[in-house]
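With JSON, C-alpha atoms inside, this is protein-v4.json:
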[["chain", "number", "residue", "atom", "x", "y", "z"],
["A", 172, "MET", "CA", 0.00, 0.00, 0.00],
["A", 173, "VAL", "CA", 2.78, 2.47, 0.83],
["A", 174, "VAL", "CA", 4.45, 2.00, -2.52],
["A", 175, "ARG", "CA", 1.52, 3.49, -4.39],
["A", 176, "ARG", "CA", 2.07, 6.52, -2.20],
["A", 177, "LEU", "CA", 5.65, 6.90, -3.36],
["A", 178, "ALA", "CA", 4.47, 8.58, -6.57],
["A", 179, "PRO", "CA", 3.69, 11.94, -4.89],
["A", 180, "LEU", "CA", 7.11, 11.94, -3.29],
["A", 181, "ILE", "CA", 8.87, 11.15, -6.53],
["A", 182, "ALA", "CA", 7.17, 14.18, -8.07],
["A", 183, "VAL", "CA", 8.21, 16.28, -5.07],
["A", 184, "VAL", "CA", 11.82, 15.20, -5.28],
["A", 185, "VAL", "CA", 12.01, 15.75, -9.02],
["A", 186, "LEU", "CA", 10.56, 19.23, -8.59],
["A", 187, "VAL", "CA", 12.83, 19.93, -5.64],
["A", 188, "ILE", "CA", 15.85, 19.05, -7.71],
["A", 189, "LEU", "CA", 14.75, 21.41, -10.46],
["A", 190, "ALA", "CA", 13.50, 24.11, -8.14],
["A", 191, "GLY", "CA", 16.77, 24.01, -6.24],
["A", 192, "CYS", "CA", 18.61, 25.03, -9.39],
["A", 193, "GLY", "CA", 22.33, 24.99, -9.86],
["A", 194, "SER", "CA", 24.33, 21.82, -9.64],
["A", 195, "SER", "CA", 26.08, 20.09, -6.81],
["A", 196, "SER", "CA", 29.76, 20.98, -6.70],
["A", 197, "GLU", "CA", 31.00, 21.29, -10.23],
["A", 198, "ASN", "CA", 29.63, 24.78, -10.92],
["A", 199, "SER", "CA", 30.56, 26.28, -7.58],
["A", 200, "SER", "CA", 33.32, 28.41, -9.08],
["A", 201, "SER", "CA", 30.96, 30.05, -11.56],
["A", 202, "ALA", "CA", 28.45, 30.78, -8.80],
["A", 203, "THR", "CA", 31.20, 32.12, -6.58],
["A", 204, "ASP", "CA", 32.54, 34.24, -9.43],
["A", 205, "ALA", "CA", 29.06, 35.66, -9.99],
["A", 206, "ALA", "CA", 28.68, 36.43, -6.30],
["A", 207, "THR", "CA", 32.04, 38.17, -6.04],
["A", 208, "SER", "CA", 31.59, 40.12, -9.26],
["A", 209, "GLY", "CA", 28.52, 41.96, -8.06],
["A", 210, "GLY", "CA", 26.16, 39.47, -6.42],
["A", 211, "GLY", "CA", 23.08, 41.29, -5.21],
["A", 212, "SER", "CA", 23.55, 43.97, -7.83],
["A", 213, "LEU", "CA", 22.35, 41.94, -10.77],
["A", 214, "SER", "CA", 19.30, 43.16, -12.62],
["A", 215, "LYS", "CA", 16.26, 40.91, -12.53],
["A", 216, "ALA", "CA", 16.90, 39.80, -16.12],
["A", 217, "GLU", "CA", 20.56, 39.01, -15.35],
["A", 218, "PHE", "CA", 19.66, 37.13, -12.17],
["A", 219, "VAL", "CA", 16.99, 35.05, -13.95],
["A", 220, "ALA", "CA", 19.32, 34.30, -16.88],
["A", 221, "LYS", "CA", 22.23, 33.24, -14.64],
["A", 222, "ALA", "CA", 20.02, 31.18, -12.32],
["A", 223, "ASP", "CA", 18.27, 29.49, -15.25],
["A", 224, "GLU", "CA", 21.67, 28.67, -16.73],
["A", 225, "LEU", "CA", 22.67, 26.99, -13.46],
["A", 226, "CYS", "CA", 19.33, 25.17, -13.34],
["A", 227, "GLU", "CA", 19.75, 23.86, -16.88],
["A", 228, "ALA", "CA", 23.18, 22.49, -16.06],
["A", 229, "SER", "CA", 21.76, 20.99, -12.89],
["A", 230, "LYS", "CA", 18.97, 19.23, -14.73],
["A", 231, "VAL", "CA", 21.47, 17.44, -16.89],
["A", 232, "LYS", "CA", 23.81, 16.52, -14.04],
["A", 233, "GLN", "CA", 21.04, 15.43, -11.69],
["A", 234, "GLU", "CA", 19.29, 13.23, -14.22],
["A", 235, "ARG", "CA", 21.13, 10.18, -12.87],
["A", 236, "LEU", "CA", 19.82, 10.78, -9.35],
["A", 237, "ARG", "CA", 16.27, 11.24, -10.63],
["A", 238, "ALA", "CA", 16.52, 8.06, -12.67],
["A", 239, "GLU", "CA", 17.95, 6.16, -9.70],
["A", 240, "LEU", "CA", 15.13, 7.30, -7.42],
["A", 241, "GLU", "CA", 12.46, 6.51, -10.00],
["A", 242, "ALA", "CA", 13.96, 3.04, -10.56],
["A", 243, "MET", "CA", 14.01, 2.43, -6.82],
["A", 244, "ALA", "CA", 10.36, 3.45, -6.55],
["A", 245, "GLN", "CA", 9.47, 1.10, -9.40],
["A", 246, "GLY", "CA", 11.31, -1.72, -7.66],
["A", 247, "ALA", "CA", 9.54, -0.91, -4.41],
["A", 248, "ARG", "CA", 6.18, -1.04, -6.20],
["A", 249, "SER", "CA", 7.03, -4.50, -7.51],
["A", 250, "GLU", "CA", 8.17, -5.60, -4.07],
["A", 251, "GLU", "CA", 4.94, -4.36, -2.54],
["A", 252, "GLN", "CA", 2.85, -6.28, -5.06],
["A", 253, "SER", "CA", 4.75, -9.56, -4.67],
["A", 254, "SER", "CA", 5.21, -9.70, -0.89],
["A", 255, "GLU", "CA", 3.85, -8.62, 2.46],
["A", 256, "GLY", "CA", 5.14, -5.10, 1.98],
["A", 257, "LEU", "CA", 8.30, -3.13, 1.72],
["A", 258, "THR", "CA", 11.28, -4.69, 3.42],
["A", 259, "ASP", "CA", 13.34, -2.78, 5.94],
["A", 260, "GLY", "CA", 16.21, -2.78, 3.43],
["A", 261, "THR", "CA", 14.08, -1.16, 0.74],
["A", 262, "ARG", "CA", 12.76, 1.43, 3.15],
["A", 263, "ARG", "CA", 16.30, 2.26, 4.30],
["A", 264, "GLU", "CA", 17.59, 2.42, 0.71],
["A", 265, "LEU", "CA", 14.79, 4.79, -0.30],
["A", 266, "ALA", "CA", 15.48, 7.03, 2.71],
["A", 267, "GLN", "CA", 19.21, 7.09, 1.97],
["A", 268, "THR", "CA", 18.64, 7.90, -1.69],
["A", 269, "LEU", "CA", 16.30, 10.73, -0.72],
["A", 270, "GLY", "CA", 19.04, 12.02, 1.56],
["A", 271, "ARG", "CA", 21.50, 12.08, -1.35],
["A", 272, "VAL", "CA", 18.98, 13.81, -3.59],
["A", 273, "VAL", "CA", 18.28, 16.47, -0.98],
["A", 274, "ALA", "CA", 21.98, 17.00, -0.26],
["A", 275, "THR", "CA", 22.61, 17.58, -3.95],
["A", 276, "ALA", "CA", 19.65, 19.93, -4.26],
["A", 277, "GLU", "CA", 20.75, 21.89, -1.17],
["A", 278, "GLY", "CA", 24.15, 22.44, -2.75],
["A", 279, "SER", "CA", 22.43, 23.59, -5.90],
["A", 280, "LEU", "CA", 20.23, 26.05, -4.07],
["A", 281, "SER", "CA", 23.30, 27.48, -2.35],
["A", 282, "GLN", "CA", 24.81, 28.26, -5.73],
["A", 283, "VAL", "CA", 21.73, 30.12, -6.90],
["A", 284, "LYS", "CA", 21.64, 32.02, -3.60],
["A", 285, "ALA", "CA", 25.28, 32.97, -4.15],
["A", 286, "LEU", "CA", 24.28, 34.89, -7.27],
["A", 287, "GLY", "CA", 22.57, 37.42, -5.04],
["A", 288, "PRO", "CA", 19.07, 38.40, -6.15],
["A", 289, "PRO", "CA", 18.32, 41.98, -7.14],
["A", 290, "LYS", "CA", 17.88, 43.94, -3.93],
["A", 291, "ALA", "CA", 14.38, 45.06, -4.89],
["A", 292, "ASP", "CA", 13.31, 41.42, -5.31],
["A", 293, "ALA", "CA", 15.06, 39.93, -2.28],
["A", 294, "GLY", "CA", 11.78, 39.31, -0.42],
["A", 295, "GLN", "CA", 10.19, 37.48, -3.35],
["A", 296, "ILE", "CA", 13.26, 35.34, -3.93],
["A", 297, "GLU", "CA", 13.61, 34.56, -0.22],
["A", 298, "THR", "CA", 10.00, 33.30, -0.18],
["A", 299, "ILE", "CA", 10.79, 30.94, -3.06],
["A", 300, "PHE", "CA", 13.97, 29.76, -1.32],
["A", 301, "GLN", "CA", 12.09, 29.14, 1.94],
["A", 302, "LYS", "CA", 9.47, 27.03, 0.19],
["A", 303, "ILE", "CA", 12.18, 25.02, -1.53],
["A", 304, "GLU", "CA", 14.00, 24.51, 1.78],
["A", 305, "ARG", "CA", 10.75, 23.31, 3.41],
["A", 306, "SER", "CA", 10.41, 20.83, 0.56],
["A", 307, "PHE", "CA", 13.91, 19.55, 1.31],
["A", 308, "GLU", "CA", 13.03, 19.15, 4.99],
["A", 309, "ALA", "CA", 9.80, 17.37, 4.11],
["A", 310, "SER", "CA", 11.58, 15.00, 1.75],
["A", 311, "LEU", "CA", 13.97, 14.01, 4.53],
["A", 312, "ALA", "CA", 11.09, 13.65, 7.00],
["A", 313, "TYR", "CA", 9.27, 11.46, 4.47],
["A", 314, "GLY", "CA", 12.30, 9.19, 4.17],
["A", 315, "SER", "CA", 12.57, 8.93, 7.94],
["A", 316, "ALA", "CA", 8.87, 8.15, 8.36],
["A", 317, "LEU", "CA", 9.03, 5.55, 5.60],
["A", 318, "GLU", "CA", 12.10, 3.95, 7.14],
["A", 319, "HIS", "CA", 10.38, 3.79, 10.55],
["A", 320, "HIS", "CA", 7.19, 2.19, 9.14],
["A", 321, "GLU", "CA", 5.17, 5.36, 9.79],
["A", 322, "ASP", "CA", 3.33, 5.08, 6.49],
["A", 323, "ALA", "CA", 0.37, 7.34, 7.28],
["A", 324, "LYS", "CA", 2.76, 10.03, 8.49],
["A", 325, "ALA", "CA", 4.87, 9.59, 5.34],
["A", 326, "GLN", "CA", 1.80, 10.08, 3.17],
["A", 327, "ALA", "CA", 0.81, 13.28, 4.98],
["A", 328, "ILE", "CA", 4.36, 14.61, 4.69],
["A", 329, "ALA", "CA", 4.47, 13.82, 0.96],
["A", 330, "GLU", "CA", 1.22, 15.65, 0.37],
["A", 331, "ARG", "CA", 2.44, 18.70, 2.27],
["A", 332, "ALA", "CA", 5.78, 18.66, 0.47],
["A", 333, "ASN", "CA", 4.09, 18.29, -2.88],
["A", 334, "ALA", "CA", 1.95, 21.37, -2.21],
["A", 335, "GLU", "CA", 4.96, 23.37, -1.01],
["A", 336, "THR", "CA", 6.94, 22.39, -4.10],
["A", 337, "ARG", "CA", 4.10, 23.31, -6.45],
["A", 338, "GLU", "CA", 3.81, 26.70, -4.75],
["A", 339, "ALA", "CA", 7.56, 27.30, -5.14],
["A", 340, "ALA", "CA", 7.31, 26.38, -8.83],
["A", 341, "VAL", "CA", 4.39, 28.77, -9.37],
["A", 342, "LEU", "CA", 6.24, 31.60, -7.61],
["A", 343, "ALA", "CA", 9.41, 30.90, -9.60],
["A", 344, "LYS", "CA", 7.50, 30.99, -12.87],
["A", 345, "ARG", "CA", 5.69, 34.19, -11.88],
["A", 346, "TYR", "CA", 9.02, 35.79, -11.03],
["A", 347, "GLY", "CA", 10.25, 35.02, -14.54],
["A", 348, "PHE", "CA", 12.31, 31.87, -14.30],
["A", 349, "LYS", "CA", 12.03, 29.62, -17.32],
["A", 350, "VAL", "CA", 14.08, 26.65, -16.09],
["A", 351, "CYS", "CA", 14.39, 27.07, -12.32],
["A", 352, "GLY", "CA", 11.29, 25.72, -10.67],
["A", 353, "ALA", "CA", 9.97, 24.29, -13.94],
["A", 354, "GLN", "CA", 8.18, 21.00, -13.76],
["A", 355, "PRO", "CA", 10.00, 18.15, -15.48]]
Take the structure in the file and write it out as structure tokens.
Amino acid sequence: MVVRRLAPLIAVVVLVILAGCGSSSENSSSATDAATSGGGSLSKAEFVAKADELCEASKVKQERLRAELEAMAQGARSEEQSSEGLTDGTRRELAQTLGRVVATAEGSLSQVKALGPPKADAGQIETIFQKIERSFEASLAYGSALEHHEDAKAQAIAERANAETREAAVLAKRYGFKVCGAQP
């Protein structure tokens, strides 16, 4: 039964990866360069263009993690259908993979933050960042609940995280991002 509920989380994690923008560690120098060469003084158009560039690179680099998580969810669905439920090993593996996904996305978000949003838009951008960060927290809480056999709690967390992620995506699109926050 829990495995059917993994689908909302998979959508959340995929969106979190994209909403987080940037990439894990390989683009840190370009983000740092942007921050030191006038971060916070970028125009809105410059900020959106640079962030979307980081998000595009991130999408490509994070594809492997997304594919790994989706494959794990598919395997868990099969396990659920052919046995008494998810094994402890599967639950632990899903939680650990979510942890890796979130860690990567957090690094990505840090790079976008390092660009420094236009001062006039700092409040709007901070709201988007906060929603993304809450999605990260919820993804980790989901993994923990799943690992501890708290399936009803995991479902509630996934629903909350999904809503938070959708809101972040809507706000990002409204702000003007084309790639960051875009649904896959």
For Ile328 of chain A, find every residue with an atom within 7 Å (counting all atoms listed in the file), except residues of its own chain fewer than 4 positions away, and show them as a PDB file with C-alpha atoms, in the frame of the given file.
ATOM      1  CA  ALA A 309       9.800  17.370   4.110  1.00  0.00           C
ATOM      2  CA  TYR A 313       9.270  11.460   4.470  1.00  0.00           C
ATOM      3  CA  LYS A 324       2.760  10.030   8.490  1.00  0.00           C
ATOM      4  CA  ALA A 332       5.780  18.660   0.470  1.00  0.00           C
TER       5      ALA A 332
END
Centre and edge lengths, as JSON, for the axis-aligned box enclosing every listed atom of segment 236-252 of chain A with 6 Å of padding on each of the six sides, in Å to one decimal?
{"center_x": 11.3, "center_y": 2.5, "center_z": -7.6, "size_x": 29.0, "size_y": 29.5, "size_z": 22.1}
So that I can see what lies close to segment 289-301 of chain A, please list as a PyMOL selection string the residues with an atom at most 6 Å from it, counting only C-alpha atoms and leaving out residues fewer than 5 positions away in the same chain. chain A and resi 211-215+339
Choose the residue, out of A:Ala343, A:Leu280, A:Val273, A:Leu317, that has the smallest atom-to-atom separation from Thr258 of chain A; count only C-alpha atoms. A:Leu317
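The space separating atom CA of Val341 of chain A from atom CA of Ser281 of chain A comes to 20.2 Å.
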Residues within 8 Å of Val350 of chain A, please, as a PDB file with C-alpha atoms, in the coordinates of the input. Count only C-alpha atoms; anything in the same chain fewer than 3 positions from it doesn't count.
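Saved to part27.pdb:
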ATOM      1  CA  LEU A 189      14.750  21.410 -10.460  1.00  0.00           C
ATOM      2  CA  ASP A 223      18.270  29.490 -15.250  1.00  0.00           C
ATOM      3  CA  GLU A 224      21.670  28.670 -16.730  1.00  0.00           C
ATOM      4  CA  CYS A 226      19.330  25.170 -13.340  1.00  0.00           C
ATOM      5  CA  GLU A 227      19.750  23.860 -16.880  1.00  0.00           C
ATOM      6  CA  ALA A 353       9.970  24.290 -13.940  1.00  0.00           C
TER       7      ALA A 353
END
Taking only C-alpha atoms into account, which of A:Ala244, A:Ala329, A:Leu236, A:Ala222 comes nearest Arg262 of chain A? A:Ala244
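Interatomic distance, atom CA of Met243 of chain A against atom CA of Ala276 of chain A: 18.6 Å.
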